[in-house]
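coords.txt follows; it contains compact mmCIF, C-alpha atoms.
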```txt
# COMPACT_ATOMS: atom_id res chain seq x y z
CA MET A 976 109.83 34.51 103.32
CA ILE A 977 113.17 36.09 102.39
CA ILE A 978 111.62 37.93 99.44
CA ARG A 979 108.74 39.15 101.59
CA ARG A 980 111.16 40.34 104.28
CA ARG A 981 113.21 42.24 101.71
CA LEU A 982 110.07 43.84 100.30
CA TRP A 983 109.09 45.00 103.77
CA GLN A 984 112.59 46.34 104.36
CA MET A 985 112.48 48.24 101.06
CA LEU A 986 109.03 49.60 101.90
CA ILE A 987 110.11 50.76 105.34
CA ALA A 988 113.30 52.31 103.90
CA GLY A 989 111.25 54.12 101.26
CA LEU A 990 108.82 55.36 103.87
CA LEU A 991 111.60 56.60 106.13
CA PHE A 992 113.27 58.36 103.19
CA THR A 993 109.99 60.02 102.24
CA LEU A 994 109.41 61.18 105.81
CA MET A 995 112.96 62.51 105.96
CA VAL A 996 112.49 64.49 102.75
CA ILE A 997 109.13 65.86 103.90
CA GLY A 998 110.62 66.87 107.24
CA MET A 999 113.56 68.54 105.53
CA GLY A 1000 111.47 71.58 104.53
CA PRO A 1001 110.21 72.60 107.98
CA LEU A 1002 113.60 71.79 109.53
CA SER A 1003 115.47 74.02 107.09
CA GLN A 1004 113.03 76.87 107.72
CA TRP A 1005 113.48 76.44 111.49
CA ILE A 1006 117.26 76.71 111.01
CA VAL A 1007 116.84 80.02 109.18
CA THR A 1008 114.68 81.57 111.86
CA GLN A 1009 116.86 80.33 114.72
CA PHE A 1010 120.34 81.09 113.43
CA TYR A 1011 120.20 83.71 110.69
CA LEU A 1012 117.33 86.09 111.49
CA LYS A 1013 119.13 88.44 113.84
CA PRO A 1014 117.79 91.75 115.23
CA GLY A 1015 117.43 94.45 112.60
CA VAL A 1016 117.79 92.05 109.68
CA ILE A 1017 114.14 92.03 108.58
CA GLU A 1018 114.20 95.83 108.25
CA GLN A 1019 117.19 95.45 105.93
CA VAL A 1020 115.54 92.66 103.96
CA ALA A 1021 112.44 94.82 103.53
CA GLY A 1022 114.01 97.02 100.87
CA SER A 1023 116.18 94.41 99.17
CA GLN A 1024 113.76 93.76 96.27
CA SER A 1025 115.19 90.25 95.97
CA HIS A 1026 113.61 87.11 94.52
CA GLU A 1027 114.43 85.37 97.80
CA VAL A 1028 111.83 87.60 99.43
CA PHE A 1029 108.87 87.74 97.08
CA GLN A 1030 109.11 84.22 95.63
CA GLY A 1031 109.70 82.58 99.00
CA ILE A 1032 107.85 82.10 102.24
CA ILE A 1033 110.19 82.51 105.20
CA LEU A 1034 111.31 86.13 104.89
CA GLN A 1035 107.85 87.37 103.96
CA GLN A 1036 106.30 85.55 106.90
CA LYS A 1037 108.83 86.95 109.36
CA GLY A 1038 108.25 90.41 107.96
CA LEU A 1039 104.49 90.06 108.35
CA GLU A 1040 104.94 88.96 111.95
CA SER A 1041 106.74 92.22 112.78
CA HIS A 1042 104.37 94.89 114.06
CA ASN A 1043 106.42 97.71 112.51
CA ILE A 1044 106.44 96.22 108.99
CA LEU A 1045 104.05 97.45 106.27
CA PRO A 1046 103.86 95.01 103.33
CA VAL A 1047 103.75 96.86 100.00
CA TYR A 1048 102.85 94.79 96.93
CA GLY A 1049 103.91 96.29 93.62
CA SER A 1050 106.05 95.80 90.55
CA SER A 1051 108.69 97.68 88.56
CA GLU A 1052 108.05 101.03 90.27
CA PHE A 1053 110.16 99.70 93.16
CA SER A 1054 113.20 100.03 90.89
CA SER A 1055 112.51 103.76 90.45
CA VAL A 1056 114.91 104.87 93.16
CA SER A 1057 115.57 108.38 94.41
CA GLU A 1058 115.95 110.00 97.80
CA PHE A 1059 112.12 109.91 97.98
CA HIS A 1060 111.88 106.14 97.49
CA PRO A 1061 110.00 104.59 100.47
CA SER A 1062 112.93 102.37 101.47
CA ILE A 1063 115.09 105.48 101.76
CA LEU A 1064 112.58 107.97 103.13
CA PHE A 1065 111.33 105.60 105.84
CA ALA A 1066 114.74 104.11 106.69
CA GLY A 1067 115.06 103.65 110.45
CA ASN A 1068 111.27 103.85 111.06
CA PRO A 1069 111.04 107.65 111.43
CA THR A 1070 107.25 107.40 111.73
CA GLY A 1071 107.14 103.93 113.27
CA PHE A 1072 107.05 101.56 110.29
CA THR A 1073 109.22 100.11 107.53
CA PRO A 1074 107.79 99.41 104.05
CA PHE A 1075 108.41 95.78 103.10
CA LEU A 1076 108.56 95.75 99.30
CA ILE A 1077 107.09 92.62 97.70
CA GLY A 1078 107.29 92.52 93.93
CA HIS A 1079 109.45 92.97 90.89
CA GLY A 1080 109.05 93.93 87.25
CA GLY A 1081 106.24 91.75 85.88
CA SER A 1082 104.64 91.09 89.28
CA GLN A 1083 100.92 91.59 88.69
CA ASP A 1084 97.71 90.71 90.49
CA ILE A 1085 97.91 86.91 90.10
CA ILE A 1086 101.46 86.93 91.50
CA HIS A 1087 100.28 88.94 94.51
CA VAL A 1088 97.36 86.53 94.90
CA LEU A 1089 99.93 83.80 95.54
CA ASN A 1090 102.01 86.01 97.81
CA ALA A 1091 98.98 86.67 100.01
CA ALA A 1092 97.39 83.23 99.74
CA SER A 1093 100.57 81.45 100.84
CA GLN A 1094 100.96 83.23 104.17
CA GLY A 1095 98.26 81.62 106.30
CA GLN A 1096 97.53 83.49 109.52
CA ALA A 1097 100.35 86.01 109.06
CA LEU A 1098 98.09 88.51 107.25
CA GLN A 1099 95.26 88.40 109.78
CA ASP A 1100 94.39 92.01 110.71
CA LYS A 1101 97.56 93.17 108.93
CA LYS A 1102 97.52 96.44 107.02
CA VAL A 1103 98.94 96.06 103.50
CA VAL A 1104 99.38 98.30 100.48
CA VAL A 1105 98.85 97.30 96.83
CA ILE A 1106 100.17 99.63 94.11
CA LEU A 1107 98.18 99.18 90.88
CA SER A 1108 99.75 100.02 87.52
CA SER A 1109 97.76 100.69 84.38
CA GLN A 1110 100.14 98.69 82.17
CA TRP A 1111 99.01 95.53 83.96
CA PHE A 1112 95.56 95.91 82.41
CA GLU A 1113 96.48 95.38 78.78
CA PRO A 1114 94.17 93.10 76.77
CA GLU A 1115 96.52 90.12 77.21
CA GLY A 1116 96.89 90.56 80.95
CA ILE A 1117 100.15 89.31 82.41
CA TYR A 1118 102.51 87.95 79.75
CA ALA A 1119 103.53 84.29 80.04
CA GLY A 1120 107.21 85.24 80.34
CA ASN A 1121 106.56 87.71 83.16
CA PHE A 1122 104.41 85.15 84.91
CA ALA A 1123 107.07 82.43 84.63
CA SER A 1124 109.84 84.65 85.99
CA ASN A 1125 107.76 85.68 89.01
CA PHE A 1126 105.77 82.51 89.70
CA SER A 1127 106.46 80.55 92.89
CA ALA A 1128 105.43 76.90 92.95
CA LEU A 1129 106.06 76.88 96.70
CA GLN A 1130 103.51 79.62 97.17
CA ALA A 1131 101.03 77.73 94.96
CA TYR A 1132 101.39 74.63 97.16
CA ARG A 1133 100.96 76.75 100.27
CA MET A 1134 97.86 78.33 98.74
CA LEU A 1135 96.26 74.91 98.35
CA SER A 1136 96.88 74.10 102.02
CA ASN A 1137 95.67 77.47 103.35
CA LYS A 1138 92.58 76.67 105.44
CA GLN A 1139 91.52 80.33 105.51
CA LEU A 1140 90.61 80.17 101.82
CA THR A 1141 87.39 78.66 100.57
CA ILE A 1142 87.43 75.71 98.18
CA GLU A 1143 85.81 77.93 95.54
CA THR A 1144 88.56 80.55 95.79
CA LYS A 1145 91.30 77.92 95.61
CA GLN A 1146 89.66 76.42 92.54
CA GLN A 1147 89.43 79.84 90.88
CA VAL A 1148 93.11 80.51 91.57
CA ALA A 1149 94.02 77.01 90.39
CA SER A 1150 92.05 77.47 87.16
CA ARG A 1151 93.88 80.73 86.46
CA LEU A 1152 97.31 79.22 87.18
CA LEU A 1153 96.64 76.33 84.81
CA GLN A 1154 96.25 78.80 81.94
CA PHE A 1155 100.02 79.33 82.01
CA PRO A 1156 102.24 76.76 80.26
CA ASN A 1157 104.96 77.16 82.86
CA VAL A 1158 102.78 75.60 85.57
CA ARG A 1159 101.68 72.62 83.48
CA GLU A 1160 105.07 71.89 81.95
CA SER A 1161 107.45 72.59 84.84
CA TYR A 1162 105.35 71.31 87.76
CA PRO A 1163 103.24 68.32 86.60
CA ALA A 1164 102.42 67.12 90.13
CA LEU A 1165 101.29 70.60 91.13
CA ALA A 1166 99.27 70.88 87.92
CA LYS A 1167 97.44 67.63 88.73
CA LEU A 1168 96.62 68.83 92.23
CA LEU A 1169 95.46 72.20 90.92
CA THR A 1170 93.23 70.46 88.35
CA HIS A 1171 91.52 68.16 90.83
CA HIS A 1172 91.58 70.24 94.01
CA GLY A 1173 88.27 70.12 95.88
CA GLN A 1174 86.68 67.61 93.50
CA ASP A 1175 84.97 64.67 95.17
CA ASP A 1176 84.67 62.05 92.44
CA VAL A 1177 86.59 58.76 92.67
CA LYS A 1178 89.11 59.64 89.96
CA SER A 1179 89.95 62.97 91.61
CA ARG A 1180 90.36 61.30 95.01
CA VAL A 1181 92.80 58.76 93.58
CA ILE A 1182 94.77 61.47 91.77
CA GLN A 1183 94.89 63.63 94.90
CA LEU A 1184 96.14 60.64 96.91
CA ILE A 1185 98.88 59.68 94.45
CA TYR A 1186 100.02 63.13 93.41
CA GLY A 1187 99.54 64.47 96.93
CA LEU A 1188 102.56 62.43 98.03
CA PHE A 1189 104.69 63.59 95.10
CA GLY A 1190 103.50 67.13 95.69
CA ARG A 1191 104.37 67.01 99.36
CA ILE A 1192 107.90 65.83 98.52
CA GLU A 1193 108.28 68.57 95.90
CA MET A 1194 106.92 71.16 98.32
CA ALA A 1195 109.47 70.05 100.94
CA SER A 1196 112.29 70.43 98.43
CA LEU A 1197 111.00 73.91 97.52
CA GLU A 1198 110.86 74.81 101.22
CA ALA A 1199 114.45 73.69 101.61
CA LYS A 1200 115.44 75.70 98.53
CA ASP A 1201 113.66 78.72 100.00
CA ALA A 1202 115.63 78.26 103.20
CA LEU A 1203 118.96 78.01 101.35
CA ASN A 1204 118.21 81.09 99.25
CA SER A 1205 117.20 82.98 102.39
CA ILE A 1206 120.41 81.92 104.14
CA LYS A 1207 122.50 83.20 101.21
CA LEU A 1208 120.83 86.61 101.39
CA LEU A 1209 120.97 86.77 105.19
CA LYS A 1210 124.64 85.76 105.26
CA ILE A 1211 125.53 88.78 103.14
CA ILE A 1212 123.50 91.07 105.37
CA ASN A 1213 124.92 89.56 108.57
CA VAL A 1214 128.51 89.86 107.32
CA ASN A 1215 127.94 93.52 106.50
CA ASN A 1216 126.36 94.05 109.91
CA GLU A 1217 129.32 92.44 111.68
CA THR A 1218 131.66 94.72 109.75
CA ASN A 1219 129.63 97.75 110.80
CA ILE A 1220 129.68 96.63 114.44
CA ARG A 1221 133.48 96.27 114.37
CA GLN A 1222 133.73 99.76 112.91
CA GLY A 1223 131.40 101.16 115.55
CA LYS A 1224 128.58 101.81 113.08
CA PRO A 1225 124.91 101.02 113.82
CA ILE A 1226 123.34 98.00 112.11
CA VAL A 1227 120.26 100.00 111.24
CA PRO A 1228 120.91 103.72 110.73
CA PRO A 1229 119.11 105.98 113.20
CA PRO A 1230 115.94 107.47 111.75
CA VAL A 1231 116.14 110.89 110.19
CA PRO A 1232 113.05 112.90 111.19
CA LEU A 1233 110.81 113.44 108.20
CA LYS A 1234 110.42 116.95 106.90
CA PRO A 1235 106.83 118.20 106.48
CA TRP A 1236 105.18 116.64 103.44
CA GLN A 1237 104.79 119.99 101.70
CA GLU A 1238 108.50 120.67 102.08
CA LEU A 1239 109.30 117.18 100.76
CA SER A 1240 107.07 117.87 97.76
CA GLU A 1241 108.96 121.08 97.04
CA LEU A 1242 112.29 119.25 97.32
CA ALA A 1243 110.96 116.59 94.97
CA THR A 1244 110.02 119.27 92.46
CA ASP A 1245 113.55 120.66 92.64
CA ALA A 1246 115.00 117.18 92.10
CA GLY A 1247 112.71 116.61 89.14
CA GLN A 1248 113.66 119.92 87.53
CA LYS A 1249 117.33 118.98 87.71
CA ALA A 1250 116.72 115.51 86.26
CA VAL A 1251 114.40 116.53 83.40
CA THR A 1252 116.03 118.98 81.02
CA ASN A 1253 115.99 117.50 77.51
CA ASN A 1254 112.32 116.80 76.76
CA GLU A 1255 108.81 118.20 77.17
CA PHE A 1256 107.24 115.03 78.59
CA GLY A 1257 108.57 115.18 82.15
CA ILE A 1258 110.74 112.12 81.47
CA GLU A 1259 114.10 111.76 83.20
CA ASP A 1260 116.92 112.68 80.83
CA SER A 1261 118.70 109.31 80.91
CA TYR A 1262 115.47 107.37 80.26
CA TYR A 1263 114.52 109.72 77.41
CA LEU A 1264 117.90 109.32 75.72
CA LYS A 1265 117.93 105.53 76.12
CA TYR A 1266 114.35 104.60 75.26
CA ILE A 1267 112.54 107.54 73.64
CA LYS A 1268 114.64 109.94 71.58
CA GLU A 1269 115.56 107.69 68.65
CA THR A 1270 111.96 106.50 68.13
CA LEU A 1271 110.16 109.72 69.09
CA ILE A 1272 108.59 110.33 65.67
CA GLN A 1273 107.49 106.70 65.30
CA ASN A 1274 105.75 106.88 68.70
CA GLN A 1275 103.57 109.83 67.73
CA GLY A 1276 99.99 108.54 67.51
CA SER A 1277 101.15 104.94 67.93
CA ALA A 1278 98.80 104.20 70.86
CA LYS A 1279 95.58 105.58 69.38
CA ASN A 1280 94.05 102.09 69.29
CA ASP A 1281 95.32 100.98 72.69
CA THR A 1282 92.82 99.89 75.30
CA LEU A 1283 92.74 98.81 78.94
CA THR A 1284 89.43 96.96 78.63
CA PRO A 1285 88.72 94.14 78.42
CA SER A 1286 91.58 92.44 80.23
CA PRO A 1287 91.92 89.27 82.34
CA GLU A 1288 93.73 91.47 84.86
CA TYR A 1289 90.37 92.65 86.23
CA GLN A 1290 89.46 89.05 87.10
CA ASP A 1291 92.89 88.61 88.69
CA LEU A 1292 92.24 91.73 90.74
CA GLU A 1293 88.91 90.25 91.88
CA LEU A 1294 90.80 87.12 92.96
CA LEU A 1295 93.18 89.30 94.96
CA PHE A 1296 90.20 90.94 96.66
CA SER A 1297 88.81 87.53 97.62
CA VAL A 1298 92.12 86.28 99.01
CA LEU A 1299 92.81 89.44 101.01
CA LYS A 1300 89.33 89.30 102.54
CA GLN A 1301 89.57 85.65 103.46
CA VAL A 1302 93.01 85.94 105.07
CA GLY A 1303 91.82 88.95 107.06
CA ALA A 1304 94.14 91.60 105.59
CA LYS A 1305 93.32 95.31 105.63
CA PRO A 1306 94.47 96.71 102.28
CA LEU A 1307 95.01 100.15 100.81
CA PHE A 1308 94.99 100.20 96.99
CA ILE A 1309 96.98 102.92 95.27
CA ILE A 1310 96.04 103.94 91.72
CA VAL A 1311 99.03 105.31 89.80
CA PRO A 1312 98.34 107.52 86.76
CA VAL A 1313 99.89 107.33 83.33
CA ASN A 1314 102.10 110.11 82.02
CA GLY A 1315 99.43 112.36 80.50
CA LEU A 1316 101.78 114.31 78.23
CA TRP A 1317 103.30 111.17 76.78
CA ALA A 1318 99.89 109.45 76.53
CA ASP A 1319 98.52 112.40 74.56
CA TYR A 1320 101.55 112.40 72.25
CA THR A 1321 101.16 108.69 71.50
CA GLY A 1322 97.41 109.08 71.08
CA PHE A 1323 96.40 106.84 73.98
CA PRO A 1324 92.73 107.90 74.31
CA PHE A 1325 91.92 110.09 77.30
CA ALA A 1326 88.50 108.46 77.64
CA GLU A 1327 90.08 105.00 77.77
CA ARG A 1328 92.38 106.08 80.58
CA GLN A 1329 89.50 107.57 82.55
CA THR A 1330 87.41 104.42 82.09
CA TYR A 1331 90.24 102.36 83.57
CA TYR A 1332 90.67 104.66 86.57
CA GLN A 1333 86.93 104.71 87.28
CA ARG A 1334 86.58 100.96 86.95
CA VAL A 1335 89.38 99.97 89.32
CA ARG A 1336 88.36 102.68 91.80
CA GLN A 1337 84.79 101.37 91.86
CA MET A 1338 86.00 97.78 92.20
CA VAL A 1339 88.07 98.66 95.27
CA VAL A 1340 85.37 100.78 96.91
CA GLN A 1341 82.68 98.14 96.35
CA GLN A 1342 84.80 95.69 98.34
CA GLY A 1343 84.94 98.11 101.26
CA PHE A 1344 88.70 98.59 100.90
CA GLN A 1345 90.54 101.90 101.14
CA VAL A 1346 91.88 103.58 98.01
CA ALA A 1347 94.38 106.35 97.33
CA ASP A 1348 93.53 107.54 93.84
CA PHE A 1349 96.18 109.63 92.09
CA SER A 1350 94.61 109.42 88.64
CA ASP A 1351 94.16 113.20 88.58
CA HIS A 1352 97.97 113.62 88.58
CA GLU A 1353 98.43 112.64 84.94
CA TYR A 1354 99.78 116.11 84.11
CA ASP A 1355 101.47 116.81 87.44
CA GLN A 1356 105.11 117.55 86.67
CA TYR A 1357 107.61 115.08 88.18
CA PHE A 1358 104.87 112.83 89.57
CA LEU A 1359 106.24 110.14 87.28
CA LYS A 1360 109.87 109.55 86.39
CA ASP A 1361 109.29 108.26 82.89
CA ILE A 1362 106.23 107.06 80.96
CA MET A 1363 104.91 104.77 83.73
CA HIS A 1364 106.98 104.66 86.95
CA LEU A 1365 106.58 106.79 90.05
CA GLY A 1366 108.98 109.69 90.22
CA TRP A 1367 110.10 112.26 92.75
CA LYS A 1368 106.74 113.89 93.59
CA GLY A 1369 104.85 110.67 93.00
CA TRP A 1370 106.77 108.81 95.68
CA VAL A 1371 106.26 111.70 98.12
CA GLU A 1372 102.49 111.56 97.55
CA VAL A 1373 102.39 107.76 97.84
CA ASN A 1374 104.57 107.80 100.95
CA GLU A 1375 102.29 110.33 102.58
CA ALA A 1376 99.26 108.17 101.74
CA MET A 1377 100.94 105.12 103.27
CA ASP A 1378 101.91 107.06 106.38
CA ARG A 1379 98.33 108.28 106.87
CA PHE A 1380 97.06 104.74 106.29
CA VAL A 1381 99.35 103.24 108.94
CA HIS A 1382 98.55 105.86 111.56
```

Represent the structure from my file as structure tokens, please.
Amino acid sequence: MIIRRRLWQMLIAGLLFTLMVIGMGPLSQWIVTQFYLKPGVIEQVAGSQSHEVFQGIILQQKGLESHNILPVYGSSEFSSVSEFHPSILFAGNPTGFTPFLIGHGGSQDIIHVLNAASQGQALQDKKVVVILSSQWFEPEGIYAGNFASNFSALQAYRMLSNKQLTIETKQQVASRLLQFPNVRESYPALAKLLTHHGQDDVKSRVIQLIYGLFGRIEMASLEAKDALNSIKLLKIINVNNETNIRQGKPIVPPPVPLKPWQELSELATDAGQKAVTNNEFGIEDSYYLKYIKETLIQNQGSAKNDTLTPSPEYQDLELLFSVLKQVGAKPLFIIVPVNGLWADYTGFPFAERQTYYQRVRQMVVQQGFQVADFSDHEYDQYFLKDIMHLGWKGWVEVNEAMDRFVH
């Protein structure tokens, strides 16, 4: 009797501990929203380009819930900052919206699949922008290292529990995620659930039951970690805001009325002319000196065998289409060109570039989504800042496209 009583006590204690751990995630997220998300903070978070934002749940979700927030999914072009960068040009909502930048260097379609799939109802009827980059569509697709540094296990768990997604779509996403060693090696419980999700045989049911508990505990710990990371970021912002209030400064700067787009384009051209003086490729001086000049001769003709087809990135893009449709988002896809002068110098075939542009454009249009295609700007001076990232005129054009899309 004593042994049986002790076993029951241990079982009850274990159950209570498990419930406490599981409840820790939602509780920590509630604390963030109640005590740290103060007025004006989301607009400041929107341009932070921090891992806390695009690898988490809380800050993205709160951004999506704001009517004046436009989610923009992209990658390393967000680090190409100038006075024409969207976070600067649209600061203070001069036209009624703030771009919420979601992505980082190495964030490609499968990463954005998780970003969108993890948000539940928050994307329903929400306009979003996806900036596509040609370098994503290399034959290897996303590199394992880039995937690992941008992957969010929390978002993968949330994807599996998203009732808006079909079983087939979840299984397709799961199959793709399992191709990366980081998922299998770092998150074994998640990997088991991804492997057997939606399967109805006895073995799969048992595995889902056993690993479902471990997964729920791990998910709760990831939710708590997300909350702590969000608090760290918000604390910094809130401290700065309190300092500004004491000094009589506004938390969010008042909007500066936008100049006409043609005038902004002319100003961007002037800025580009001042920044590009030491090369014939339209590449910013500092980038040219750091990455190009010493290997210029070796680069000549070096890309003559490069190709953008086939690539697993096209299948990842199809997955993104499926997820965006099922969660009810209304996307605009932006096609960014390569630097035509540099591509010609390295021998990257013109026909290969055009095939890529045509293929992704057709893929977007066939889904019934909107597209802003800038592929004809390959030779437009100052459209790009270097060999791949949006520059002064490029950001003006993209900003104008986003502004038209919103309104």

Distance in Å - CA of Pro1114 (chain A) versus CA of Glu1327 (chain A):
12.6 Å

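Among A:Leu1239, A:Val1227, A:Ile1220, A:Ala1278, the residue with the shortest atom-to-atom distance to Leu1064 (chain A), counting only C-alpha atoms, is A:Leu1239.
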
Of the candidates A:Tyr1263, A:Phe1075, A:Phe1059, A:Phe1029, which one gets nearest to Asn1043 (chain A) if we count all atoms listed in the file?
A:Phe1075

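If only C-alpha atoms are the atoms counted, then among A:Thr1141, A:Ser1136, A:Ser1205, A:Gln1290 the closest residue to Arg1191 (chain A) is A:Ser1136.
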
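Taking CA of Asn1204 (chain A) as the reference point, CA of Ser1127 (chain A) is found at 13.4 Å.
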
Counting all atoms listed in the file, find residues at most 12 Å from (106.9, 85.1, 80.7) (file frame) and give them as a list of chain:residue names.
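Residues found, by chain and rising number: A:Gly1080, A:Gly1081, A:Ser1082, A:Gln1083, A:Gly1116, A:Ile1117, A:Tyr1118, A:Ala1119, A:Gly1120, A:Asn1121, A:Phe1122, A:Ala1123, A:Ser1124, A:Asn1125, A:Phe1126, A:Phe1155, A:Pro1156, A:Asn1157, A:Val1158.
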
From the list A:Ile1086, A:Ile1258, A:Ala1021, A:Ala1097, which residue is nearest Ser1062 (chain A) when using all atoms listed in the file?
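Of the candidates, the smallest distance to Ser1062 (chain A) is held by A:Ala1021.
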
Excluding region 1170-1172 of chain A and its own-chain neighbours fewer than 3 positions away, which residues fall within 7 Å of it when counting all atoms listed in the file? Please give them as a PDB file with C-alpha atoms, in the coordinates of the input.
```pdb
ATOM      1  CA  GLN A1146      89.660  76.420  92.540  1.00  0.00           C
ATOM      2  CA  ALA A1149      94.020  77.010  90.390  1.00  0.00           C
ATOM      3  CA  ALA A1166      99.270  70.880  87.920  1.00  0.00           C
ATOM      4  CA  LYS A1167      97.440  67.630  88.730  1.00  0.00           C
ATOM      5  CA  SER A1179      89.950  62.970  91.610  1.00  0.00           C
ATOM      6  CA  GLN A1183      94.890  63.630  94.900  1.00  0.00           C
TER       7      GLN A1183
END
```

Separation of CA of Trp1367 (chain A) from CA of Ala1243 (chain A), in Å and rounded to one decimal:
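Between CA of Trp1367 (chain A) and CA of Ala1243 (chain A) the gap works out to 4.9 Å.
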
I'd like the contact shell of Leu1242 (chain A) - 10 Å cut-off, all atoms listed in the file, skipping same-chain residues fewer than 6 positions apart - returned as a PyMOL selection string.
chain A and resi 1058-1059+1236+1248+1367-1368+1371
